[in-house]
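Student: Hey, dropping start.txt in here, compact mmCIF, C-alpha atoms and all ligand atoms:
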# COMPACT_ATOMS: atom_id res chain seq x y z
CA MET A 1 97.80 80.44 106.71
CA GLN A 2 95.39 77.58 106.07
CA GLU A 3 95.25 74.87 108.71
CA PRO A 4 95.83 71.37 107.25
CA GLY A 5 92.53 69.58 106.63
CA THR A 6 90.36 72.73 106.64
CA PRO A 7 88.89 74.17 103.42
CA ALA A 8 90.58 77.33 102.14
CA THR A 9 88.70 80.60 102.65
CA PRO A 10 88.29 82.82 99.55
CA ILE A 11 91.12 85.04 100.80
CA GLU A 12 93.45 82.10 101.42
CA ASP A 13 92.61 80.79 97.97
CA ALA A 14 93.36 84.20 96.42
CA LYS A 15 96.69 84.36 98.25
CA ARG A 16 97.61 80.98 96.81
CA ARG A 17 96.67 82.01 93.28
CA ALA A 18 98.64 85.28 93.48
CA GLY A 19 101.66 83.54 94.97
CA GLU A 20 101.63 80.74 92.41
CA ALA A 21 101.20 83.19 89.50
CA ALA A 22 104.35 85.00 90.57
CA ALA A 23 106.28 81.73 90.75
CA ASP A 24 105.69 81.43 86.99
CA MET A 25 107.84 84.56 86.52
CA VAL A 26 110.90 82.76 87.93
CA GLU A 27 113.17 80.88 85.55
CA ASP A 28 115.95 78.42 86.32
CA GLY A 29 119.29 80.14 86.84
CA MET A 30 117.75 83.25 88.40
CA ARG A 31 118.81 84.82 91.66
CA VAL A 32 115.57 85.42 93.53
CA GLY A 33 114.64 87.48 96.58
CA LEU A 34 112.09 85.62 98.67
CA GLY A 35 109.73 87.71 100.80
CA THR A 36 107.95 86.88 104.01
CA GLY A 37 104.29 86.13 104.71
CA SER A 38 101.36 83.91 103.90
CA THR A 39 101.03 84.98 100.23
CA VAL A 40 104.65 84.64 99.11
CA HIS A 41 104.62 81.37 101.07
CA HIS A 42 102.76 79.93 98.07
CA THR A 43 105.38 81.26 95.66
CA ILE A 44 108.12 79.54 97.63
CA VAL A 45 106.16 76.29 97.88
CA ALA A 46 105.52 76.36 94.10
CA LEU A 47 109.23 76.91 93.42
CA GLY A 48 110.15 74.09 95.77
CA ARG A 49 107.57 71.72 94.28
CA ARG A 50 108.85 72.18 90.77
CA GLY A 51 112.48 71.86 91.93
CA ALA A 52 113.43 75.30 90.64
CA ASP A 53 117.16 75.66 90.07
CA ILE A 54 117.53 79.09 91.66
CA VAL A 55 119.66 80.87 94.20
CA GLY A 56 117.44 82.51 96.80
CA VAL A 57 117.94 85.30 99.30
CA ALA A 58 115.48 85.12 102.19
CA THR A 59 113.98 88.15 103.94
CA SER A 60 113.47 86.36 107.27
CA HIS A 61 114.53 83.30 109.21
CA ARG A 62 111.11 81.74 108.63
CA THR A 63 111.38 82.17 104.87
CA ALA A 64 114.92 80.77 104.91
CA ASP A 65 113.70 77.75 106.90
CA LEU A 66 110.75 77.18 104.54
CA ALA A 67 112.89 77.49 101.40
CA ALA A 68 115.60 75.21 102.77
CA SER A 69 113.00 72.61 103.80
CA LEU A 70 111.84 72.54 100.16
CA GLY A 71 115.38 72.04 98.84
CA LEU A 72 115.87 75.60 97.55
CA ARG A 73 119.39 77.00 97.82
CA ILE A 74 119.60 80.05 100.08
CA VAL A 75 122.57 82.43 100.26
CA THR A 76 123.14 85.70 102.10
CA PRO A 77 122.49 89.06 100.40
CA ASP A 78 126.24 89.68 100.30
CA GLU A 79 126.86 86.34 98.59
CA ALA A 80 124.21 87.05 95.96
CA GLY A 81 125.18 90.69 95.41
CA HIS A 82 122.44 91.29 92.90
CA LEU A 83 119.06 89.70 92.22
CA ASP A 84 117.03 89.20 89.06
CA ILE A 85 113.69 89.37 90.82
CA THR A 86 112.25 89.73 94.32
CA ILE A 87 108.74 88.52 95.12
CA ASP A 88 107.02 89.62 98.32
CA GLY A 89 103.62 90.31 99.83
CA ALA A 90 102.17 93.57 101.14
CA ASP A 91 99.72 94.74 103.77
CA GLU A 92 98.34 97.68 101.78
CA VAL A 93 98.57 98.73 98.12
CA ASP A 94 97.33 102.18 97.10
CA PRO A 95 96.16 103.07 93.56
CA ALA A 96 99.62 104.44 92.67
CA GLY A 97 101.35 101.23 93.77
CA ASN A 98 102.76 102.53 97.06
CA LEU A 99 102.84 99.83 99.72
CA THR A 100 102.63 99.30 103.43
CA LYS A 101 104.75 96.31 104.44
CA GLY A 102 106.06 94.85 107.66
CA GLY A 103 103.00 93.12 109.06
CA GLY A 104 105.35 90.22 109.72
CA GLY A 105 108.01 92.50 111.18
CA ALA A 106 110.41 91.85 108.31
CA HIS A 107 110.18 95.13 106.38
CA THR A 108 113.79 96.25 106.90
CA ARG A 109 115.23 93.07 105.39
CA GLU A 110 112.45 93.07 102.79
CA LYS A 111 113.43 96.57 101.67
CA VAL A 112 117.08 95.56 101.30
CA VAL A 113 116.17 92.50 99.25
CA ALA A 114 113.64 94.42 97.11
CA GLU A 115 116.26 97.06 96.34
CA MET A 116 118.80 94.42 95.27
CA ALA A 117 116.55 93.16 92.47
CA ASP A 118 116.00 94.28 88.89
CA ARG A 119 112.32 93.56 89.36
CA PHE A 120 110.26 93.84 92.56
CA VAL A 121 107.01 91.92 92.18
CA VAL A 122 104.34 92.15 94.87
CA VAL A 123 101.73 89.44 95.45
CA VAL A 124 98.43 90.21 97.18
CA ASP A 125 94.81 89.19 97.43
CA GLU A 126 92.50 92.05 96.55
CA SER A 127 91.62 92.78 100.20
CA LYS A 128 95.00 94.57 100.35
CA LEU A 129 93.92 97.27 97.87
CA VAL A 130 93.18 100.56 99.68
CA PRO A 131 92.33 104.07 98.44
CA GLN A 132 95.05 105.50 100.70
CA LEU A 133 97.82 103.96 102.84
CA GLY A 134 97.41 104.14 106.60
CA PRO A 135 94.58 102.08 108.12
CA PHE A 136 96.79 98.99 108.61
CA GLY A 137 99.30 101.00 110.65
CA THR A 138 102.84 101.79 109.59
CA PRO A 139 105.39 99.24 110.86
CA LEU A 140 108.65 100.69 112.18
CA GLU A 141 111.87 98.98 113.25
CA VAL A 142 113.82 100.96 115.84
CA LEU A 143 117.04 100.52 117.78
CA ASP A 144 116.77 99.18 121.32
CA PHE A 145 118.27 102.43 122.62
CA ALA A 146 115.65 105.19 122.75
CA PRO A 147 112.38 103.70 121.45
CA ALA A 148 110.20 106.14 123.44
CA VAL A 149 112.13 109.09 122.00
CA VAL A 150 111.68 107.75 118.48
CA ALA A 151 107.96 107.13 119.14
CA GLU A 152 107.58 110.73 120.34
CA ARG A 153 109.23 112.00 117.12
CA VAL A 154 106.85 109.80 115.10
CA ARG A 155 103.88 111.30 116.94
CA GLY A 156 105.37 114.67 115.99
CA LEU A 157 104.98 113.64 112.36
CA GLY A 158 101.25 113.12 112.88
CA ALA A 159 100.81 109.61 114.28
CA ARG A 160 97.82 109.48 116.61
CA GLN A 161 99.37 106.59 118.54
CA VAL A 162 102.49 104.43 118.39
CA ASP A 163 102.21 100.86 119.65
CA VAL A 164 105.04 98.53 120.64
CA ARG A 165 104.84 95.05 119.19
CA PRO A 166 105.60 92.12 121.49
CA GLU A 167 108.07 90.45 119.15
CA ARG A 168 111.48 91.63 117.92
CA SER A 169 112.76 91.75 114.36
CA ASP A 170 115.14 89.05 113.10
CA SER A 171 117.90 91.62 113.71
CA GLY A 172 116.88 91.91 117.38
CA ASN A 173 115.44 95.40 117.08
CA ILE A 174 112.18 96.75 118.54
CA LEU A 175 109.10 96.80 116.32
CA LEU A 176 106.56 99.63 116.54
CA VAL A 177 103.35 100.38 114.66
CA ALA A 178 102.51 104.02 114.00
CA ARG A 179 98.81 104.88 113.65
CA PHE A 180 98.67 107.65 111.05
CA ASP A 181 95.18 106.48 109.93
CA ALA A 182 95.56 108.24 106.55
CA ILE A 183 98.76 108.98 104.65
CA PRO A 184 97.95 111.46 101.85
CA ASP A 185 101.60 111.81 100.72
CA PRO A 186 103.50 108.52 101.24
CA ALA A 187 106.74 109.87 99.70
CA ASP A 188 106.80 112.83 102.06
CA LEU A 189 106.13 110.72 105.16
CA ALA A 190 108.64 108.07 104.03
CA GLY A 191 111.32 110.76 103.77
CA ARG A 192 110.52 112.22 107.19
CA LEU A 193 110.52 108.80 108.86
CA ALA A 194 113.78 107.81 107.17
CA ALA A 195 115.42 110.95 108.55
CA LEU A 196 114.68 110.09 112.21
CA PRO A 197 117.79 108.95 114.11
CA GLY A 198 117.24 105.59 115.78
CA LEU A 199 114.62 104.49 113.30
CA VAL A 200 116.17 101.61 111.37
CA ASP A 201 113.50 101.51 108.66
CA HIS A 202 109.78 102.01 108.08
CA GLY A 203 107.24 99.93 106.19
CA ILE A 204 106.38 102.40 103.42
CA PHE A 205 107.63 101.11 100.07
CA LEU A 206 107.25 103.70 97.32
CA ALA A 207 105.80 103.00 93.87
CA PRO A 208 109.03 103.68 91.93
CA THR A 209 110.56 100.60 93.62
CA VAL A 210 107.65 98.34 92.59
CA GLU A 211 107.59 96.82 89.11
CA ARG A 212 104.17 95.22 89.36
CA VAL A 213 101.53 93.95 91.74
CA VAL A 214 99.96 90.55 91.08
CA ILE A 215 96.43 90.72 92.49
CA ALA A 216 94.14 87.73 92.96
CA GLY A 217 90.43 88.10 93.58
CA VAL A 218 87.11 86.52 92.80
CA ASP A 219 87.49 87.34 89.10
CA GLY A 220 90.91 85.71 88.76
CA VAL A 221 94.46 87.03 88.76
CA ARG A 222 95.38 90.38 87.26
CA THR A 223 98.53 92.46 87.10
CA MET A 224 98.87 96.13 88.04
CA LEU A 225 101.95 97.48 86.28
CA VAL A 226 103.44 100.14 88.55
CA THR A 227 106.93 101.06 87.39
CA PRO A 228 107.71 98.86 84.36
CA ARG A 229 111.38 98.05 83.84
CA THR A 230 113.01 98.67 80.49
CA THR A 231 114.79 95.31 80.62
CA GLY A 232 113.57 91.86 81.54
CA GLY A 233 112.85 88.37 80.31
CA PRO A 234 109.86 86.93 78.47
CA ASN A 235 107.55 87.65 81.38
CA ALA A 236 108.56 91.31 81.64
C1 LIG A 301 106.07 90.83 106.28
C2 LIG A 301 105.37 91.53 105.18
C3 LIG A 301 104.37 90.72 104.41
O1 LIG A 301 104.74 90.72 103.08
C4 LIG A 301 103.02 91.34 104.58
O2 LIG A 301 102.74 91.40 105.98
C5 LIG A 301 101.93 90.55 103.86
O3 LIG A 301 101.79 89.31 104.47
P1 LIG A 301 100.66 88.29 104.02
O4 LIG A 301 100.99 87.86 102.63
O5 LIG A 301 100.79 87.18 105.04
O6 LIG A 301 99.33 88.98 104.12
O7 LIG A 301 105.57 92.66 104.89
O8 LIG A 301 106.90 91.71 107.00
If you took the structure in this file and wrote it as structure tokens, what would it be?

Tutor:
Amino acid sequence: MQEPGTPATPIEDAKRRAGEAAADMVEDGMRVGLGTGSTVHHTIVALGRRGADIVGVATSHRTADLAASLGLRIVTPDEAGHLDITIDGADEVDPAGNLTKGGGGAHTREKVVAEMADRFVVVVDESKLVPQLGPFGTPLEVLDFAPAVVAERVRGLGARQVDVRPERSDSGNILLVARFDAIPDPADLAGRLAALPGLVDHGIFLAPTVERVVIAGVDGVRTMLVTPRTTGGPNA
């Protein structure tokens, strides 16, 4: 994130433009899932600045703290039940709209909140576009019970290396990063990872869950429609 008083880099500026563009998709009265990270940060700030009358569900403590500091109302997922839209960032976006997420260690909560929404909108700068998922590493959240066993099973699925991250998730679980390098079939790997006992969730988000990706780059902001919804408001 940009330090106060320093000029924004082109990437920081693109993150701001993508985040702010997505804020325009939110209308008063909506129930909104709020993602985690430096891009969706700008969405949340834009919503706070305009005094949006929304009910938000946060994907992390830091997002909840930011939203609350801006006067946005935050409730738990169970209190909201269902969301109109969730807006979140991503670490990688492939040409089909599959994502790697979890660079901030929040992917398990982010997946819950994305799934609760009619529309899952992803905000990125164009440096996140990749020909194939994998180079970023695949974030994993695992139980603090048998992390080495889970890591060994992940290596059995083709990971060259599995690293342990120093921090824990907001749920107190261990965070790993699996180095697959290239993931030719994200749906297949997502299914195999999801089937591993002890693995709480992985950071592969599949294209059918993504409505659109808002991408900001040097040429402006564009939208990649991934899995358009049949219903939606004026911005659908
Ligand atoms: C956090 C995430 C973020 O959405 C992802 O890491 C992108 O972050 P940023 O917008 O800061 O690049 O998945 O767990």

Student: Between A:Asp188, A:Asp163, A:Glu92, A:Glu115, which is the closest to ligand LIG 301 (chain A) once you count all atoms listed in the file?

Tutor: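 Closest to ligand LIG 301 (chain A) of all the choices is A:Glu92.
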
Student: Quick one: what's the axis-aligned box for ligand LIG 301 (chain A), all listed atoms, 5 Å on every side, centre and edges in Å to one decimal, as AutoDock Vina command-line options?

Tutor:
--center_x 103.1 --center_y 89.9 --center_z 104.8 --size_x 17.6 --size_y 15.5 --size_z 14.4

Student: For each of A:Asn98, A:Thr6, A:Thr59, A:Thr76, take the minimum atom-to-atom distance to ligand LIG 301 (chain A), counting all atoms listed in the file, then give the residue where this is smallest.

Tutor: A:Thr59

Student: Please identify every residue of chain A that has at least one atom no farther than 7 Å from an atom of ligand LIG 301 (chain A), counting all atoms listed in the file, and for each give the shortest atom pair and the distance in Å to one decimal, arranged by chain then increasing number, as a Markdown table.

Tutor:
| residue | atom | partner | partner_atom | distance |
| --- | --- | --- | --- | --- |
| A:Gly35 | CA | A:LIG301 | O1 | 6.3 |
| A:Thr36 | CA | A:LIG301 | C1 | 4.9 |
| A:Gly37 | CA | A:LIG301 | O5 | 3.7 |
| A:Ser38 | CA | A:LIG301 | O5 | 3.5 |
| A:Thr39 | CA | A:LIG301 | O4 | 3.7 |
| A:Val40 | CA | A:LIG301 | O4 | 6.0 |
| A:Asp88 | CA | A:LIG301 | O1 | 5.4 |
| A:Gly89 | CA | A:LIG301 | O1 | 3.5 |
| A:Ala90 | CA | A:LIG301 | C5 | 4.1 |
| A:Asp91 | CA | A:LIG301 | C5 | 4.7 |
| A:Lys101 | CA | A:LIG301 | O7 | 3.8 |
| A:Gly102 | CA | A:LIG301 | O8 | 3.3 |
| A:Gly103 | CA | A:LIG301 | O2 | 3.5 |
| A:Gly104 | CA | A:LIG301 | O8 | 3.5 |
| A:Gly105 | CA | A:LIG301 | O8 | 4.4 |
| A:Ala106 | CA | A:LIG301 | O8 | 3.7 |
| A:His107 | CA | A:LIG301 | O8 | 4.8 |
| A:Val124 | CA | A:LIG301 | O4 | 6.5 |

Student: Measuring atom to atom with all atoms listed in the file, identify which of A:Val32, A:Ala8, A:Leu157, A:Leu70 is nearest to Ala194 in chain A.

Tutor: A:Leu157

Student: Which residues, written as a list of chain:residue names, have at least one atom at most 12 Å from Leu143 in chain A, with all atoms listed in the file counted and residues fewer than 6 positions away on the same chain left out?

Tutor: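 What passes the distance filter is A:Val149, A:Val150, A:Ala151, A:Arg168, A:Ser169, A:Ser171, A:Gly172, A:Asn173, A:Ile174, A:Leu175, A:Leu176, A:Leu196, A:Pro197, A:Gly198, A:Leu199, A:Val200, A:Asp201.
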
Student: Name the closest residue to Arg160 in chain A among the candidates A:Val177, A:Leu99, A:Val123, A:Ala216; distances are taken between atoms, counting only C-alpha atoms.

Tutor: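 That would be A:Val177, the residue with the smallest distance to Arg160 in chain A.
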
Student: Quick one: pull the distance between CA of Glu27 in chain A and CA of Ala67 in chain A, Å, one decimal.

Tutor: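 Interatomic distance here is 16.2 Å.
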
Student: Compute the distance from (108.7, 101.0, 97.5) to each atom, counting only C-alpha atoms, keep the residues with any atom at most 10 Å away, and return them as a PyMOL selection string; use the coordinates of the file.

Tutor: chain A and resi 97-101+111+114-115+120+186-187+190+203-211
